[in-house]
Amino acid sequence: MDAILTHENADFDALASLLGAQKIYPHALAVLPRRLNANAREFCALYADALAFTRAEDLPRQHWREILVVDTQGIPSARGLHRDTHIRFVDHHPLTRDLKPGMTFAGSEAGATTTLFVEDISERNLALTEIEATLLLLGIYEDTGSLAYTTTTARDARAVAFLLEQGANLAIANDFLHHPLNAAQRKLYHQLLEQIETRAIAGHAIAIAAVRASAYVEEISTLAHQLRELYDPAALFVLVQMDDHIQLVARSDHAGIDVAALAEQFGGGGHSKAAAALIRDATLRGVKSKLLKWLKASLAPALSVRDVMSFGVRTIEPSATIADAAALMNRYGHEGVPVARADKLVGILTRREIDRALHHQLGDAPVKTVMRKPVAVAPDDSLEKLRARMIESDVGQVPVVRGKKILGIVTRTDLIRPFGVTRARRATEMAMRLERWLPRELLALVRDAGAVAHELGFSLYVVGGFVRDLLLNQPNLDLDLVAEGDAIALAKRLAHIHGGRVHTHTRFGTAKWILEKPFAALESLDFTTARTEFYAHPSALPEVERSSIKQDLRRRDFTINTLAIGLDPARFGQLLDPFGGEQDLQRGIIRVLHSLSFIEDPTRILRAARFEQRFGFKIETRTAELIGDAHATLHRVSGERLRHELNLIFREAEPDKAMARLDALGVLRAILPHLEFTAWHAGKFRAARELTSEPIMFFGILVYRFTQIQTGELAQRLKLARADTEILRQTLALRGEVAAPLAADALMPSRVDHLLADYSDTALAIFAIACDDDCVRERVADFRVHWRAVAPELTGEDLKQMGLAPGPAYRDILTRLRAARLDGIISTRAQAETFVRQFIGK
């Protein structure tokens with residue numbers, strides 16, 4: 001399939017069908033029509049970077065052999081079409097056109113064409129991003145009236161449910177849906193437009209419209225939806241007086257504005273985003289006055305650009321070449337970069353300009369020849385202003401400036417989910433969790449560290465596994481503290497204030513603060529400068545560079561480990577969740593952040609199984625597919641790194657579960673062809689885990705049924721220490737050379753001692769667990785616990801006092817004395833002396 005086309009004046013069903021078809025045919029060009037409906041056009045302006053659409057004017061000059069036409073049965077005009085192009089139509093309406101040679105039709109009854117593609121996506125287990133799932137949802141909702149039109153089918157509802165499971169954002173979808181109005185509604189709508197006023201309350205844009213209607217008008221909520229789309233406030237309140245009552249309809253787009261709480265003040269109800277009330281015995285002026293009073297008393301300060309921006313930004317000089325700019329964007333994955341001279345913003349360069357310039361072989365031209373005029377916002381600007389600026393400029397990476405000096409940057413992704421920033425109640429909840437689980441002294445140090453970082457001009461966060469476990473109510477004291485600034489300077493300042501010493505690693509920007517007074521088994525705190533990572537080739541150790549907290553979280557293995565809690569005094573407890581980690585925790589899934597995650601670092605495969613089994617989660621379907629695709633990269637990983645990950649698994653409470661999962665995923669065989677994990681191994685692992693978490697015990701069980709050659713291969717692959725390799729060799733020798741004679745009937749203790757004396761205790765411990773013969777296990781246990789430490793009743797000095805000249809006979813006599821004591825023949829010193837005299841006599 002070469003290209004995917006749809007009709008002009010495209011609505012959301014057409015746009016979403018383009019996306020759905022491209023998910024099925026990823027190598028085909030999904031071509032945006034030149035004209036889109038206003039809401040679809042606005043969606044593309046905001047989220048174009050997250051969607052791999054091709055503009056019609058950017059199409060290459062080539063002839064298409066086969067195209068897919070979606071949501072229409074007409075043939076759109078496009079460069080590349082010719083008389084021999086095979087055309088396949090996909091539409092949810094019945095076929096109404098004649099199919100000429102080279103044309104085919106695939107369609108069936110559904111409320112939206114998008115539904116047909118969503119069903120295929122679900123069946124193929126294809127992964128969707130939040131924005132992709134949201135656009136597909138919009139396609140279905142717009143054509144089915146949010147599943148309310150009579151043309152809606154059960155297939156549409158199932159498709160919507162699937163998309164919601166994939167993370168479709170209903171808040172975004174609701175922003176872009178439109179509803180037609182009847183005559184009475186249109187009349188009231190115009191009244192509301194004349195009377196609506198917007199007020200700034202606690203930094204929020206609040207729209208209020210209060211009017212009197214001459215007659216009853218139904219579905220005022222529809223008018224509220226239209227007004228909200230027009231004014232885009234943080235919250236909207238519509239008051240309409242009808243005869244003997246006043247209707248209140250309230251809508252909120254902001255997590256900090258709970259309109260249900262307000263509706264309750266008037267005897268109504270609803271939920272935090274939508275609520276209503278029927279108010280009697282009150283005047284319109286009185287209700288409006290009470291509404292404003294409640295808002296001023298209840299609203300928390302609004303989010304601003306400062307809350308979602310990334311501090312520190314990579315820029316490029318206007319004199320740099322376009323090829324340099326392309327290399328910069330490729331290295332950091334940016335879709336745009338500010339152009340600056342002496343830290344002053346002079347322009348914007350996007351991927352679109354770069355691609356066009358390179359297409360025309362202008363790689364050596366300076367950036368200033370293709371850059372756009374500057375687009376910027378200030379730190380205190382509202383998110384509404386930021387959103388409008390992005391739509392107006394069609395730029396997805398907007399610099400944040402003070403004057404013209406660049407302070408940071410904010411992207412479309414930040415606007416999609418305002419960086420997971422929770423409102424005051426959620427921050428308070430997280431702060432209370434920290435107070436509950438952290439020792440008092442540690443909590444005080446953490447708070448002080450956040451305050452000192454703020455004094456130094458940057459932010460501090462606790463990130464990763466600690467936050468994950470805190471949300472799971474399984475906290476630990478393994479704090480990973482990340483600074484959006486100089487972590488080493490922060491650690492040194494804290495040591496200066498509180499005492500202690502600091503160990504640093506300048507290359508990685510890390511510092512370990514050794515506490516002067518350890519407490520609660522905690523002796524140090526680790527600080528890391530926020531960084532991003534680059535892999536020169538698959539499986540390589542990463543190169544690191546200083547970056548923002550969001551980039552630092554982006555480099556982590558799984559979404560559940562990308563959570564962070566702000567420690568700044570003003571935002572203490574604020575949860576940062578840029579990649580949906582908390583939702584994945586709630587859903588119980590392990591999901592990677594991008595499709596190359598396992599290619600870049602294959603050891604994440606072992607970690608996925610470990611976390612899955614530790615928490616009782618499930619590896620997400622697409623992530624499991626990526627694991628299968630990355631098997632071949634495991635051979636590039638060093639033995640030390642593989643061994644480290646296996647050691648971590650062995651120290652889990654139930655290591656057998658993670659190992660069984662790795663076996664089911666084919667990972668063990670990818671590490672070593674003869675490495676497997678069976679039900680027998682699982683039982684032995686459980687028995688071993690009751691006694692120890694030492695990795696060598698579990699390696700011993702893994703190789704117990706190996707040959708010595710296979711064991712040597714495993715030891716070499718995992719770079720086991722020489723001492724550990726010797727233990728494994730002894731374990732196999734016990735199985736092959738000792739197990740059978742040790743199982744013989746009526747075996748005296750001295751014979752057991754003779755068979756086992758030359759083997760290390762660790763090898764014997766492994767043998768005792770791995771062997772399936774109860775008699776052998778009992779004899780090994782007796783030897784290790786009782787017999788190995790037994791000494792003869794006499795010493796060499798005693799033999800000398802008895803008149804025996806020193807010599808080789810001493811060893812023979814003492815060995816015989818020990819054996820006789822083991823077998824119960826001798827139990828006293830007198831018996832031992834008699835035994836020696838009889839031996840001398842012989």
# chains A, B, ... in the order shown; residues from 1 in each chain; ligands from 1
>>> residues_around(residues="Arg556 in chain A", least_positions_apart="4", cutoff="9 Å", atoms="only C-alpha atoms", output="PDB file with all heavy atoms, in the first residue's frame")
ATOM      1  N   GLY A 464      11.246   7.480  40.480  1.00  0.00           N
ATOM      2  CA  GLY A 464      11.444   6.073  40.180  1.00  0.00           C
ATOM      3  C   GLY A 464      10.781   5.108  41.135  1.00  0.00           C
ATOM      4  O   GLY A 464       9.636   5.283  41.561  1.00  0.00           O
ATOM      5  N   ASP A 552      14.869  13.120  31.866  1.00  0.00           N
ATOM      6  CA  ASP A 552      15.431  12.111  32.764  1.00  0.00           C
ATOM      7  C   ASP A 552      14.446  10.963  32.969  1.00  0.00           C
ATOM      8  O   ASP A 552      14.831   9.785  32.953  1.00  0.00           O
ATOM      9  CB  ASP A 552      15.765  12.760  34.110  1.00  0.00           C
ATOM     10  CG  ASP A 552      16.514  11.816  35.026  1.00  0.00           C
ATOM     11  OD1 ASP A 552      15.863  11.039  35.750  1.00  0.00           O
ATOM     12  OD2 ASP A 552      17.755  11.841  35.024  1.00  0.00           O
ATOM     13  N   ASN A 561       7.990   3.316  36.401  1.00  0.00           N
ATOM     14  CA  ASN A 561       9.192   3.847  37.037  1.00  0.00           C
ATOM     15  C   ASN A 561       9.486   5.280  36.599  1.00  0.00           C
ATOM     16  O   ASN A 561      10.584   5.786  36.834  1.00  0.00           O
ATOM     17  CB  ASN A 561      10.394   2.958  36.728  1.00  0.00           C
ATOM     18  CG  ASN A 561      10.279   1.601  37.390  1.00  0.00           C
ATOM     19  OD1 ASN A 561       9.689   1.468  38.455  1.00  0.00           O
ATOM     20  ND2 ASN A 561      10.825   0.582  36.758  1.00  0.00           N
ATOM     21  N   THR A 562       8.509   5.918  35.938  1.00  0.00           N
ATOM     22  CA  THR A 562       8.710   7.291  35.465  1.00  0.00           C
ATOM     23  C   THR A 562       7.984   8.315  36.331  1.00  0.00           C
ATOM     24  O   THR A 562       7.786   9.450  35.911  1.00  0.00           O
ATOM     25  CB  THR A 562       8.217   7.446  34.013  1.00  0.00           C
ATOM     26  OG1 THR A 562       6.808   7.164  33.963  1.00  0.00           O
ATOM     27  CG2 THR A 562       8.953   6.506  33.075  1.00  0.00           C
ATOM     28  N   VAL A 592       6.779  -0.478  28.268  1.00  0.00           N
ATOM     29  CA  VAL A 592       7.953   0.336  27.947  1.00  0.00           C
ATOM     30  C   VAL A 592       7.502   1.676  27.374  1.00  0.00           C
ATOM     31  O   VAL A 592       6.367   1.836  26.954  1.00  0.00           O
ATOM     32  CB  VAL A 592       8.885  -0.372  26.935  1.00  0.00           C
ATOM     33  CG1 VAL A 592       9.579  -1.547  27.574  1.00  0.00           C
ATOM     34  CG2 VAL A 592       8.112  -0.807  25.697  1.00  0.00           C
ATOM     35  N   LEU A 593       8.445   2.615  27.339  1.00  0.00           N
ATOM     36  CA  LEU A 593       8.103   3.961  26.886  1.00  0.00           C
ATOM     37  C   LEU A 593       8.134   4.095  25.369  1.00  0.00           C
ATOM     38  O   LEU A 593       7.452   4.948  24.810  1.00  0.00           O
ATOM     39  CB  LEU A 593       9.059   4.989  27.498  1.00  0.00           C
ATOM     40  CG  LEU A 593       8.678   5.493  28.890  1.00  0.00           C
ATOM     41  CD1 LEU A 593       8.844   4.413  29.937  1.00  0.00           C
ATOM     42  CD2 LEU A 593       9.517   6.706  29.259  1.00  0.00           C
TER      43      LEU A 593
END
>>> atom_distance(atom1="CA of Ser548 in chain A", atom2="CA of Ile599 in chain A")
23.6 Å
>>> select_by_dssp(residues="range 554-776 of chain A", states="helix (DSSP H, G or I)", output="PyMOL selection string")
chain A and resi 554+559-561+569-571+581-587+597-600+603-615+621-629+631-636+639-650+655-664+667-671+679-689+695-703+708-717+722-742+749-756+761-770+774-776
>>> closest_residue(among="A:Ile590, A:Val375, A:Leu522, A:Leu606", to="Pro399 in chain A", atoms="only C-alpha atoms")
A:Val375
>>> decode(residues="range 618-629 of chain A", atoms="N, CA, C and O atoms", output="CSV table (one decimal), in the first residue's frame")
chain,number,residue,atom,x,y,z
A,618,LYS,N,1.1,-7.6,34.7
A,618,LYS,CA,1.1,-8.3,33.4
A,618,LYS,C,1.9,-7.5,32.4
A,618,LYS,O,1.6,-6.3,32.3
A,619,ILE,N,2.8,-8.1,31.7
A,619,ILE,CA,3.5,-7.4,30.7
A,619,ILE,C,2.5,-7.1,29.5
A,619,ILE,O,1.8,-7.9,29.0
A,620,GLU,N,2.4,-5.8,29.2
A,620,GLU,CA,1.5,-5.3,28.2
A,620,GLU,C,1.7,-6.0,26.9
A,620,GLU,O,2.9,-6.4,26.6
A,621,THR,N,0.7,-6.2,26.1
A,621,THR,CA,0.8,-7.1,24.9
A,621,THR,C,1.9,-6.6,23.9
A,621,THR,O,2.7,-7.3,23.5
A,622,ARG,N,1.9,-5.3,23.6
A,622,ARG,CA,2.9,-4.8,22.7
A,622,ARG,C,4.3,-4.9,23.3
A,622,ARG,O,5.2,-5.2,22.6
A,623,THR,N,4.4,-4.7,24.6
A,623,THR,CA,5.7,-4.8,25.2
A,623,THR,C,6.2,-6.2,25.1
A,623,THR,O,7.4,-6.5,24.9
A,624,ALA,N,5.3,-7.2,25.3
A,624,ALA,CA,5.7,-8.6,25.1
A,624,ALA,C,6.2,-8.9,23.7
A,624,ALA,O,7.2,-9.6,23.5
A,625,GLU,N,5.5,-8.3,22.7
A,625,GLU,CA,6.0,-8.5,21.3
A,625,GLU,C,7.4,-7.9,21.1
A,625,GLU,O,8.2,-8.5,20.4
A,626,LEU,N,7.6,-6.7,21.7
A,626,LEU,CA,8.9,-6.1,21.6
A,626,LEU,C,10.0,-6.9,22.2
A,626,LEU,O,11.1,-7.0,21.8
A,627,ILE,N,9.7,-7.6,23.3
A,627,ILE,CA,10.6,-8.5,23.9
A,627,ILE,C,11.0,-9.6,23.0
A,627,ILE,O,12.2,-10.0,22.8
A,628,GLY,N,10.0,-10.2,22.3
A,628,GLY,CA,10.3,-11.3,21.3
A,628,GLY,C,11.1,-10.8,20.2
A,628,GLY,O,12.1,-11.4,19.7
A,629,ASP,N,10.9,-9.5,19.8
A,629,ASP,CA,11.7,-9.0,18.7
A,629,ASP,C,13.1,-8.7,19.1
A,629,ASP,O,14.0,-8.6,18.2
